[in-house]
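*Asks:* So here's input06.cif (mmCIF, C-alpha atoms).
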data_structure
#
loop_
_atom_site.label_atom_id
_atom_site.label_comp_id
_atom_site.auth_asym_id
_atom_site.auth_seq_id
_atom_site.Cartn_x
_atom_site.Cartn_y
_atom_site.Cartn_z
CA MET A 1 0.00 0.00 0.00
CA GLN A 2 1.35 3.41 -0.92
CA ARG A 3 1.54 6.22 1.58
CA SER A 4 -1.44 8.53 1.26
CA THR A 5 0.18 11.95 1.11
CA LEU A 6 -3.14 13.68 1.72
CA LEU A 7 -3.29 12.04 5.10
CA ARG A 8 0.26 13.17 5.77
CA GLY A 9 -0.78 16.77 6.31
CA THR A 10 -2.25 18.16 3.10
CA ALA A 11 -5.24 20.03 4.46
CA VAL A 12 -8.51 19.31 2.75
CA THR A 13 -11.96 20.83 2.51
CA GLY A 14 -13.68 19.49 5.59
CA ALA A 15 -12.14 17.11 8.10
CA VAL A 16 -11.84 13.49 7.12
CA ALA A 17 -13.88 11.74 9.78
CA ILE A 18 -13.80 8.02 9.24
CA ALA A 19 -14.93 6.53 12.52
CA LEU A 20 -12.42 3.73 12.88
CA THR A 21 -11.71 2.37 16.32
CA LEU A 22 -7.91 2.48 16.07
CA THR A 23 -7.75 5.74 18.01
CA SER A 24 -6.14 6.72 21.26
CA CYS A 25 -9.41 6.13 23.12
CA ALA A 26 -8.05 2.65 23.81
CA GLY A 27 -5.48 4.25 26.10
CA SER A 28 -1.99 5.47 25.41
CA ALA A 29 1.14 3.40 25.56
CA ALA A 30 2.31 5.63 28.39
CA GLU A 31 -0.73 4.70 30.46
CA GLN A 32 -0.34 0.99 29.80
CA ALA A 33 3.38 0.34 30.05
CA ALA A 34 5.56 3.39 30.51
CA PRO A 35 9.20 2.38 30.83
CA ALA A 36 10.63 2.90 34.28
CA THR A 37 14.12 4.25 34.67
CA ASP A 38 16.50 5.07 37.47
CA MET A 39 18.87 6.94 35.17
CA PRO A 40 20.22 10.22 36.51
CA ILE A 41 18.88 13.36 34.88
CA GLY A 42 21.42 15.06 32.65
CA ALA A 43 22.09 18.65 31.65
CA VAL A 44 18.51 19.19 30.42
CA ASP A 45 15.87 18.65 33.11
CA LEU A 46 12.31 18.73 31.80
CA SER A 47 10.72 17.16 34.85
CA ALA A 48 9.71 20.39 36.59
CA ASP A 49 8.14 22.12 33.59
CA CYS A 50 6.83 19.41 31.25
CA PRO A 51 4.26 16.61 31.54
CA SER A 52 5.74 13.41 32.94
CA THR A 53 5.06 11.90 29.51
CA ILE A 54 5.27 14.23 26.52
CA VAL A 55 2.84 12.85 23.95
CA VAL A 56 3.37 13.65 20.26
CA GLN A 57 0.72 12.83 17.66
CA THR A 58 2.27 12.33 14.23
CA ASP A 59 0.45 12.52 10.90
CA TRP A 60 1.32 9.10 9.48
CA ASN A 61 2.95 5.75 10.10
CA PRO A 62 6.57 5.85 11.36
CA GLU A 63 8.97 6.97 8.62
CA SER A 64 12.23 8.82 8.13
CA GLU A 65 10.55 12.24 7.97
CA HIS A 66 9.75 11.59 11.65
CA GLY A 67 13.29 10.52 12.52
CA HIS A 68 13.97 13.55 14.70
CA LEU A 69 11.33 12.26 17.14
CA TYR A 70 12.35 8.61 17.26
CA GLU A 71 15.97 9.72 17.70
CA MET A 72 15.07 10.71 21.27
CA ILE A 73 13.93 7.22 22.37
CA LYS A 74 15.84 4.86 20.08
CA ASP A 75 17.71 3.01 22.84
CA ASP A 76 14.99 2.07 25.37
CA TYR A 77 11.30 1.84 24.62
CA THR A 78 8.00 0.02 24.99
CA ILE A 79 5.87 -0.65 21.91
CA ASP A 80 2.07 -0.82 22.06
CA ALA A 81 0.97 -2.40 18.80
CA ASN A 82 -2.71 -1.94 19.67
CA THR A 83 -2.63 1.84 20.00
CA LYS A 84 0.25 2.21 17.50
CA ALA A 85 2.47 4.07 19.96
CA VAL A 86 5.98 3.79 21.34
CA THR A 87 7.15 5.19 24.68
CA GLY A 88 10.56 5.60 26.23
CA PRO A 89 12.73 7.90 28.33
CA LEU A 90 13.22 11.17 26.45
CA MET A 91 16.94 11.54 25.82
CA SER A 92 19.00 14.58 24.85
CA ASP A 93 22.66 14.24 23.85
CA GLY A 94 22.57 10.73 25.32
CA GLU A 95 21.31 11.93 28.70
CA TYR A 96 17.95 11.42 30.40
CA THR A 97 15.74 14.51 30.65
CA GLY A 98 13.53 13.31 33.50
CA VAL A 99 10.40 12.64 31.40
CA ASN A 100 9.09 10.05 28.97
CA LEU A 101 8.26 10.58 25.31
CA GLU A 102 5.30 8.85 23.69
CA ILE A 103 5.10 8.98 19.87
CA ARG A 104 1.78 8.03 18.31
CA ALA A 105 1.27 7.01 14.71
CA GLY A 106 -1.26 8.92 12.61
CA GLY A 107 -3.20 8.14 9.45
CA PRO A 108 -4.88 4.74 9.88
CA ALA A 109 -4.03 4.69 13.59
CA ILE A 110 -6.34 7.66 14.24
CA GLY A 111 -9.07 6.84 11.72
CA PHE A 112 -7.53 9.18 9.12
CA GLN A 113 -8.58 12.25 11.08
CA THR A 114 -6.57 15.45 10.95
CA VAL A 115 -3.99 15.74 13.70
CA SER A 116 -5.71 18.95 14.83
CA ALA A 117 -8.96 17.08 15.41
CA GLN A 118 -7.17 14.33 17.32
CA MET A 119 -5.44 16.88 19.56
CA TYR A 120 -8.79 18.36 20.52
CA GLN A 121 -10.24 14.94 21.27
CA ASP A 122 -7.45 13.84 23.57
CA ASP A 123 -6.05 16.23 26.16
CA LYS A 124 -3.09 13.93 26.81
CA ILE A 125 -1.52 15.01 23.50
CA THR A 126 1.16 17.62 24.14
CA LEU A 127 2.19 18.38 20.56
CA GLY A 128 1.04 17.31 17.12
CA TYR A 129 2.20 17.47 13.52
CA VAL A 130 0.11 20.25 11.96
CA SER A 131 1.04 21.64 8.55
CA THR A 132 0.63 25.37 8.02
CA ASP A 133 -2.22 24.98 5.55
CA GLU A 134 -4.15 22.79 7.99
CA ALA A 135 -3.51 25.28 10.80
CA ILE A 136 -4.88 28.15 8.70
CA GLN A 137 -7.91 26.26 7.43
CA LEU A 138 -8.92 24.90 10.85
CA SER A 139 -8.04 27.96 12.94
CA SER A 140 -11.71 28.68 13.63
CA THR A 141 -12.49 25.20 14.93
CA THR A 142 -9.30 23.56 16.22
CA PRO A 143 -6.72 26.36 16.55
CA THR A 144 -3.06 25.39 16.95
CA LYS A 145 0.25 27.21 17.20
CA ALA A 146 3.49 25.87 15.71
CA VAL A 147 6.73 25.99 17.70
CA PHE A 148 9.19 23.90 15.64
CA ALA A 149 9.55 23.08 11.93
CA PRO A 150 11.28 19.71 11.43
CA LEU A 151 10.93 20.04 7.65
CA ASP A 152 11.89 23.28 5.95
CA ILE A 153 10.33 22.35 2.59
CA SER A 154 7.32 20.10 2.02
CA PRO A 155 8.13 16.88 0.12
CA THR A 156 4.78 17.07 -1.76
CA MET A 157 5.41 16.87 -5.50
CA VAL A 158 4.00 15.93 -8.88
CA MET A 159 5.82 13.14 -10.70
CA TRP A 160 5.92 11.96 -14.30
CA ASP A 161 7.53 9.54 -16.70
CA PRO A 162 10.62 11.23 -18.19
CA ALA A 163 10.41 9.06 -21.31
CA THR A 164 6.91 10.40 -22.05
CA TYR A 165 7.62 13.96 -20.94
CA PRO A 166 11.33 14.62 -21.58
CA ASP A 167 10.82 18.39 -21.82
CA VAL A 168 8.94 18.81 -18.53
CA LYS A 169 11.24 20.28 -15.89
CA THR A 170 9.02 22.38 -13.62
CA ILE A 171 5.34 22.74 -12.75
CA ASP A 172 5.19 25.59 -15.26
CA ASP A 173 5.66 22.95 -17.98
CA VAL A 174 3.02 20.50 -16.75
CA LYS A 175 -0.23 22.03 -17.97
CA GLY A 176 0.84 22.33 -21.61
CA ALA A 177 2.48 18.92 -21.69
CA LEU A 178 -0.53 17.10 -20.27
CA SER A 179 -2.90 18.93 -22.59
CA ALA A 180 -0.82 17.90 -25.61
CA LYS A 181 -0.75 14.23 -24.57
CA GLY A 182 -4.30 14.01 -23.22
CA GLY A 183 -3.03 13.02 -19.80
CA VAL A 184 -4.19 14.04 -16.33
CA TRP A 185 -2.58 15.08 -13.06
CA ARG A 186 -3.97 12.65 -10.48
CA TYR A 187 -4.19 14.05 -6.95
CA PHE A 188 -6.09 13.63 -3.71
CA ASP A 189 -9.47 15.31 -4.04
CA GLY A 190 -9.65 18.46 -1.92
CA SER A 191 -5.91 19.14 -1.81
CA ALA A 192 -5.59 22.86 -1.17
CA TYR A 193 -2.44 23.30 -3.24
CA ILE A 194 -4.45 22.33 -6.34
CA GLU A 195 -6.80 25.26 -5.74
CA TYR A 196 -3.77 27.52 -5.49
CA LEU A 197 -2.30 26.18 -8.73
CA LYS A 198 -5.63 26.75 -10.48
CA SER A 199 -5.79 30.33 -9.24
CA ALA A 200 -2.18 30.87 -10.42
CA GLY A 201 -3.00 29.55 -13.90
CA LEU A 202 -0.74 26.52 -13.51
CA ALA A 203 -3.55 23.94 -13.71
CA ASP A 204 -7.17 23.73 -14.78
CA ALA A 205 -10.03 21.24 -14.81
CA SER A 206 -9.01 19.78 -18.18
CA ILE A 207 -5.83 18.22 -16.77
CA LEU A 208 -6.90 17.49 -13.19
CA ASP A 209 -8.21 14.23 -11.75
CA GLY A 210 -8.95 14.06 -8.02
CA SER A 211 -9.26 10.27 -7.91
CA TYR A 212 -5.79 9.44 -6.58
CA ASP A 213 -6.12 6.84 -3.80
CA GLY A 214 -2.48 6.42 -2.81
CA THR A 215 -1.90 3.27 -4.88
CA PRO A 216 0.24 2.96 -8.04
CA SER A 217 -2.35 1.11 -10.15
CA ASN A 218 -3.72 4.00 -12.21
CA PHE A 219 -0.32 5.56 -12.82
CA VAL A 220 1.04 2.23 -14.04
CA ALA A 221 -2.04 1.53 -16.16
CA ALA A 222 -1.68 4.89 -17.91
CA GLY A 223 1.70 3.81 -19.21
CA GLY A 224 3.35 7.16 -18.55
CA LYS A 225 0.65 9.41 -19.98
CA ASP A 226 -0.57 10.63 -16.57
CA MET A 227 1.18 12.49 -13.76
CA GLN A 228 0.60 11.96 -10.06
CA GLN A 229 0.93 13.48 -6.61
CA GLY A 230 3.45 12.00 -4.20
CA PHE A 231 6.29 12.64 -1.76
CA ALA A 232 9.69 13.39 -3.30
CA SER A 233 11.32 11.64 -0.35
CA ALA A 234 9.64 8.29 -1.08
CA GLU A 235 7.74 7.63 -4.32
CA PRO A 236 10.63 8.09 -6.79
CA TYR A 237 12.49 5.29 -5.03
CA VAL A 238 9.40 3.15 -4.51
CA TYR A 239 8.23 3.30 -8.12
CA GLN A 240 11.67 2.48 -9.51
CA ASN A 241 12.59 -0.24 -7.04
CA GLU A 242 9.48 -1.63 -5.39
CA VAL A 243 6.62 -1.29 -7.89
CA SER A 244 7.49 -4.17 -10.19
CA ALA A 245 4.90 -3.19 -12.78
CA TRP A 246 6.70 0.15 -13.26
CA GLY A 247 10.34 -0.44 -12.32
CA LYS A 248 11.93 2.65 -13.84
CA PRO A 249 12.75 6.23 -12.86
CA VAL A 250 10.26 9.07 -12.51
CA ASP A 251 10.97 12.78 -12.59
CA PHE A 252 9.24 15.25 -10.29
CA ALA A 253 8.80 18.86 -9.28
CA LEU A 254 8.11 20.13 -5.77
CA ILE A 255 4.86 21.99 -5.15
CA HIS A 256 6.93 24.29 -2.93
CA ASP A 257 8.75 25.60 -6.00
CA ALA A 258 5.45 26.70 -7.52
CA GLY A 259 4.78 29.03 -4.59
CA TRP A 260 2.67 26.92 -2.19
CA GLN A 261 5.24 26.97 0.62
CA THR A 262 3.58 25.33 3.57
CA TYR A 263 5.61 24.10 6.53
CA GLN A 264 4.88 20.36 6.53
CA SER A 265 4.29 18.56 9.83
CA SER A 266 5.15 21.49 12.08
CA MET A 267 5.18 20.55 15.74
CA SER A 268 2.31 22.46 17.27
CA VAL A 269 0.32 22.86 20.46
CA LYS A 270 -3.32 23.71 20.96
CA ALA A 271 -3.62 27.49 21.00
CA ALA A 272 -5.27 27.50 24.42
CA ASP A 273 -2.40 25.44 25.89
CA PHE A 274 0.36 27.68 24.60
CA ASP A 275 0.87 29.81 27.72
CA LYS A 276 0.67 26.82 30.05
CA LEU A 277 3.20 24.86 28.02
CA SER A 278 5.61 27.74 27.37
CA PRO A 279 7.97 26.93 30.29
CA CYS A 280 8.21 23.37 28.97
CA LEU A 281 8.62 24.44 25.35
CA SER A 282 11.47 26.80 26.20
CA LYS A 283 13.50 23.74 27.27
CA LEU A 284 12.00 21.14 24.95
CA VAL A 285 12.28 22.86 21.58
CA PRO A 286 16.10 23.07 21.62
CA VAL A 287 16.11 19.34 22.48
CA LEU A 288 13.96 18.73 19.39
CA GLN A 289 16.40 20.75 17.30
CA LYS A 290 19.41 18.80 18.58
CA ALA A 291 17.66 15.48 17.97
CA GLY A 292 16.99 16.43 14.35
CA VAL A 293 20.60 17.36 13.72
CA ALA A 294 21.78 14.12 15.37
CA TYR A 295 19.36 11.97 13.38
CA TYR A 296 20.42 13.25 9.98
CA LYS A 297 24.07 12.90 10.96
CA ASP A 298 23.62 9.18 11.71
CA PRO A 299 20.09 7.80 11.14
CA SER A 300 20.91 4.09 11.21
CA ALA A 301 19.83 3.13 14.74
CA THR A 302 16.73 5.28 14.62
CA ASN A 303 15.72 3.88 11.24
CA ASP A 304 16.02 0.40 12.74
CA LEU A 305 13.40 1.43 15.28
CA ILE A 306 11.18 3.00 12.62
CA LEU A 307 11.24 -0.19 10.54
CA LYS A 308 10.50 -2.29 13.62
CA LEU A 309 7.52 -0.10 14.49
CA VAL A 310 6.10 -0.31 10.98
CA ASP A 311 6.33 -4.09 11.18
CA GLU A 312 4.74 -4.35 14.63
CA TYR A 313 1.99 -1.80 14.00
CA ALA A 314 0.92 -3.82 10.93
CA THR A 315 -1.44 -1.20 9.50
CA GLY A 316 -1.10 -2.62 5.98
CA TRP A 317 1.45 0.01 4.99
CA THR A 318 4.93 -1.09 3.99
CA TYR A 319 8.22 0.72 4.55
CA THR A 320 11.59 -0.76 3.67
CA GLN A 321 15.21 -0.08 4.50
CA GLY A 322 15.71 1.14 0.95
CA VAL A 323 12.96 3.75 1.25
CA ALA A 324 14.23 4.87 4.65
CA ASP A 325 17.78 5.36 3.37
CA TYR A 326 16.58 7.10 0.20
CA SER A 327 14.34 9.38 2.23
CA VAL A 328 17.13 10.61 4.50
CA LYS A 329 19.48 11.29 1.59
CA THR A 330 16.78 12.98 -0.49
CA GLN A 331 15.59 15.17 2.36
CA ILE A 332 19.13 16.48 2.75
CA ASP A 333 19.95 16.72 -0.96
CA LEU A 334 16.75 18.64 -1.81
CA GLY A 335 16.93 20.87 1.26
CA LEU A 336 13.66 19.46 2.58
CA VAL A 337 15.41 19.42 5.92
CA GLY A 338 18.12 21.85 6.97
CA ASP A 339 18.73 25.43 8.00
CA GLY A 340 16.74 27.10 5.23
CA PRO A 341 17.82 30.61 4.29
CA ASP A 342 19.61 31.31 7.58
CA SER A 343 21.88 29.29 9.88
CA THR A 344 19.28 27.85 12.25
CA TYR A 345 17.50 24.50 12.12
CA GLY A 346 13.80 24.32 12.94
CA ASN A 347 12.69 27.95 12.79
CA PHE A 348 10.07 29.60 10.60
CA ASP A 349 10.91 32.30 8.06
CA ASP A 350 8.71 35.32 8.85
CA ASP A 351 8.41 36.65 5.29
CA ARG A 352 7.67 33.23 3.85
CA PHE A 353 5.05 32.54 6.50
CA ALA A 354 3.33 35.88 5.87
CA ASP A 355 3.28 35.27 2.13
CA PHE A 356 1.85 31.79 2.56
CA PHE A 357 -0.75 33.02 5.03
CA ASP A 358 -2.05 35.47 2.41
CA LYS A 359 -2.16 32.82 -0.32
CA ALA A 360 -3.75 30.14 1.83
CA SER A 361 -6.26 32.52 3.37
CA LYS A 362 -7.55 33.40 -0.09
CA VAL A 363 -7.76 29.74 -1.13
CA TYR A 364 -9.64 28.72 2.01
CA THR A 365 -11.93 31.72 1.91
CA ASP A 366 -12.87 30.79 -1.64
CA LEU A 367 -13.47 27.21 -0.46
CA GLY A 368 -15.74 28.41 2.35
CA THR A 369 -13.38 27.67 5.25
CA PRO A 370 -11.67 31.01 5.93
CA PRO A 371 -9.18 31.45 8.78
CA ALA A 372 -10.48 32.64 12.13
CA SER A 373 -11.61 36.24 12.13
CA GLY A 374 -8.77 38.62 12.93
CA TYR A 375 -6.11 35.94 12.71
CA THR A 376 -2.59 36.93 11.66
CA PRO A 377 0.53 34.79 11.13
CA ALA A 378 1.61 35.58 14.69
CA ASP A 379 -1.38 33.57 15.94
CA LEU A 380 -0.16 30.49 14.11
CA TYR A 381 3.55 30.17 14.92
CA THR A 382 6.43 31.43 17.03
CA ASN A 383 10.23 31.25 16.96
CA GLU A 384 10.59 32.30 20.58
CA PHE A 385 11.73 28.89 21.83
CA ILE A 386 14.22 28.23 19.02
CA ASP A 387 17.91 28.10 19.89
CA THR A 388 19.46 30.03 16.99
CA SER A 389 22.85 28.42 17.59
CA ILE A 390 21.63 24.93 16.61
CA SER A 391 22.42 24.32 12.97
CA PHE A 392 23.05 21.63 10.39
#
Now, as a test, write the supplied structure out as structure tokens.

*Replies:*
Amino acid sequence: MQRSTLLRGTAVTGAVAIALTLTSCAGSAAEQAAPATDMPIGAVDLSADCPSTIVVQTDWNPESEHGHLYEMIKDDYTIDANTKAVTGPLMSDGEYTGVNLEIRAGGPAIGFQTVSAQMYQDDKITLGYVSTDEAIQLSSTTPTKAVFAPLDISPTMVMWDPATYPDVKTIDDVKGALSAKGGVWRYFDGSAYIEYLKSAGLADASILDGSYDGTPSNFVAAGGKDMQQGFASAEPYVYQNEVSAWGKPVDFALIHDAGWQTYQSSMSVKAADFDKLSPCLSKLVPVLQKAGVAYYKDPSATNDLILKLVDEYATGWTYTQGVADYSVKTQIDLGLVGDGPDSTYGNFDDDRFADFFDKASKVYTDLGTPPASGYTPADLYTNEFIDTSISF
């Protein structure tokens, strides 16, 4: 089964509300079997300011894009395959911080709900992965505030067969090429970036098909004529090496480069919890930054945990060592992860955020889900907890 990139944080019109029972209502891993430890607390002590178990709700099954989280518990943990969660002592620079970390899988594990919705259903969740477009769209109903950006650039892309479309290099080239060949761009219905591309004149109804379901079958059946949504940090490897019916390279262009510059999977808190959690966040966010830098320097042990979790969670989704290794390398090579335009890892660029807020606000207003009245970018994110000295 292919990863469903829509369910990885691409905000959609209306919350997906499939009432599956694989949600956290069954109880968290921390409640059931939190690891005990008598380790001494190291240089970072979170015990006085943070919950005894910091719970993070991710937006998909465990994967390398989440490596910065799993880096913090890779050496000692308890897996709960029923709730799709792993818990262990939260470590920083190899030292215990005095609290546990529980990482919960998203997507099928939470009935394909948005992370924002899940955060508002379960008060035990401390932080969740909320992309900027989701945060803007749902600011009236489930407001969140981002405090750390593990990914600088969203991996969301459109991919194509280079043998069929040798002259396509960027998204600017896609519309004309598809029109000439009679192909379509297959995407997840309701994806907000599509509405932006339409408004920018980069796509129109004649080349768009919202029937993508996350599987390779239609792309393969089209024999190269169609293009398709995906993640640049996974699908190019998967289609060449793991989809036997295709088995050859694809080319791609990032949606980010067309101007839809959301921050994917930003670690966020509920807006109403921000003040209460601020003392914790001031110590925790630099730990998150350090963990990200450490993971991308040497991801091997953490990827072993990620692959083990995918196997034990058994949601029907597959993730291999090859994809994990490709993902790490591609994230770095494409600048999906890194310092961005400055020398700091994990912060938000103010000008970029303001520009995206304007674009997304227009798209969502046109779709009938405008941002909360009076909202500004400052309501949606902050860099105040970022340690500017932590860099790739």

*Asks:* Nearest to Arg104 in chain A among A:Val130, A:Tyr313, A:Met157, A:Phe219, with distances taken over all atoms listed in the file: which residue is it?

*Replies:*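 Ranked by minimum distance to Arg104 in chain A, first place goes to A:Tyr313.
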
*Asks:* Skipping near chain neighbours, those fewer than 4 positions away, what residues fall within 12 Å of Asp333 in chain A using only C-alpha atoms, listed as a list in words?

*Replies:*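 Once the adjacent positions are removed, what remains is Ile153, Pro155, Ala232, Ser233, Tyr296, Tyr326, Ser327, Val328, Lys329, Val337 and Gly338 of chain A.
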
*Asks:* For Val174 in chain A, which residue out of A:Ala149, A:Ala253, A:Ser282, A:Thr156 is the nearest one, using all atoms listed in the file?

*Replies:*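 The closest residue to Val174 in chain A is A:Ala253.
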
*Asks:* Evaluating the PyMOL selection byres ((chain A and resi 391) around 6) on the displayed file yields which residues, as an MDAnalysis selection string?

*Replies:* chainID A and resid 343:345 390 392

*Asks:* Can you give me, as a PyMOL selection string, the residues this file yields under the PyMOL selection byres ((chain A and resi 165) around 10)?

*Replies:* chain A and resi 160-164+166-169+173-174+177-178+181+224-227+251

*Asks:* Could you list, as a VMD selection string, every residue within 10 Å of Ala258 in chain A, counting all atoms listed in the file and ignoring same-chain residues fewer than 4 positions away?

*Replies:* chain A and resid 170 to 172 193 196 to 197 200 202 253 to 254

*Asks:* When the PyMOL selection byres ((chain A and resi 362) around 12) is applied to the file above, which residues end up in the set, as a ChimeraX atom specification?

*Replies:* /A:133,136-137,192-193,195-196,199-200,355-361,363-371

*Asks:* Restricting it to C-alpha atoms, dump the selection as a JSON list (two decimals), in the frame of the given file.

*Replies:*
[["chain", "number", "residue", "atom", "x", "y", "z"],
["A", 133, "ASP", "CA", -2.22, 24.98, 5.55],
["A", 136, "ILE", "CA", -4.88, 28.15, 8.70],
["A", 137, "GLN", "CA", -7.91, 26.26, 7.43],
["A", 192, "ALA", "CA", -5.59, 22.86, -1.17],
["A", 193, "TYR", "CA", -2.44, 23.30, -3.24],
["A", 195, "GLU", "CA", -6.80, 25.26, -5.74],
["A", 196, "TYR", "CA", -3.77, 27.52, -5.49],
["A", 199, "SER", "CA", -5.79, 30.33, -9.24],
["A", 200, "ALA", "CA", -2.18, 30.87, -10.42],
["A", 355, "ASP", "CA", 3.28, 35.27, 2.13],
["A", 356, "PHE", "CA", 1.85, 31.79, 2.56],
["A", 357, "PHE", "CA", -0.75, 33.02, 5.03],
["A", 358, "ASP", "CA", -2.05, 35.47, 2.41],
["A", 359, "LYS", "CA", -2.16, 32.82, -0.32],
["A", 360, "ALA", "CA", -3.75, 30.14, 1.83],
["A", 361, "SER", "CA", -6.26, 32.52, 3.37],
["A", 363, "VAL", "CA", -7.76, 29.74, -1.13],
["A", 364, "TYR", "CA", -9.64, 28.72, 2.01],
["A", 365, "THR", "CA", -11.93, 31.72, 1.91],
["A", 366, "ASP", "CA", -12.87, 30.79, -1.64],
["A", 367, "LEU", "CA", -13.47, 27.21, -0.46],
["A", 368, "GLY", "CA", -15.74, 28.41, 2.35],
["A", 369, "THR", "CA", -13.38, 27.67, 5.25],
["A", 370, "PRO", "CA", -11.67, 31.01, 5.93],
["A", 371, "PRO", "CA", -9.18, 31.45, 8.78]]

*Asks:* Considering all atoms listed in the file, can you say which of A:Val220, A:Leu309, A:Val56, A:Val323 comes closest to Asp80 in chain A?

*Replies:*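 Closest candidate: A:Leu309.
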
*Asks:* What separation in Å, quoted to one decimal, exists between CA of Tyr237 in chain A and CA of Lys84 in chain A?

*Replies:*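 We find that CA of Tyr237 in chain A and CA of Lys84 in chain A lie 25.8 Å from each other.
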
*Asks:* Check the smallest atom-to-atom distance from each of A:Gly182, A:Gly247, A:Gly210, A:Gly88 to Ile194 in chain A using all atoms listed in the file, then report the winner.

*Replies:*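 Using all atoms listed in the file, Ile194 in chain A sits closest to A:Gly210.
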
*Asks:* Go through A:Tyr381, A:Phe148, A:Tyr70, A:Trp185 and flag the residue nearest Pro286 in chain A, using all atoms listed in the file for the distances.

*Replies:*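 The answer is A:Phe148, which sits nearest to Pro286 in chain A.
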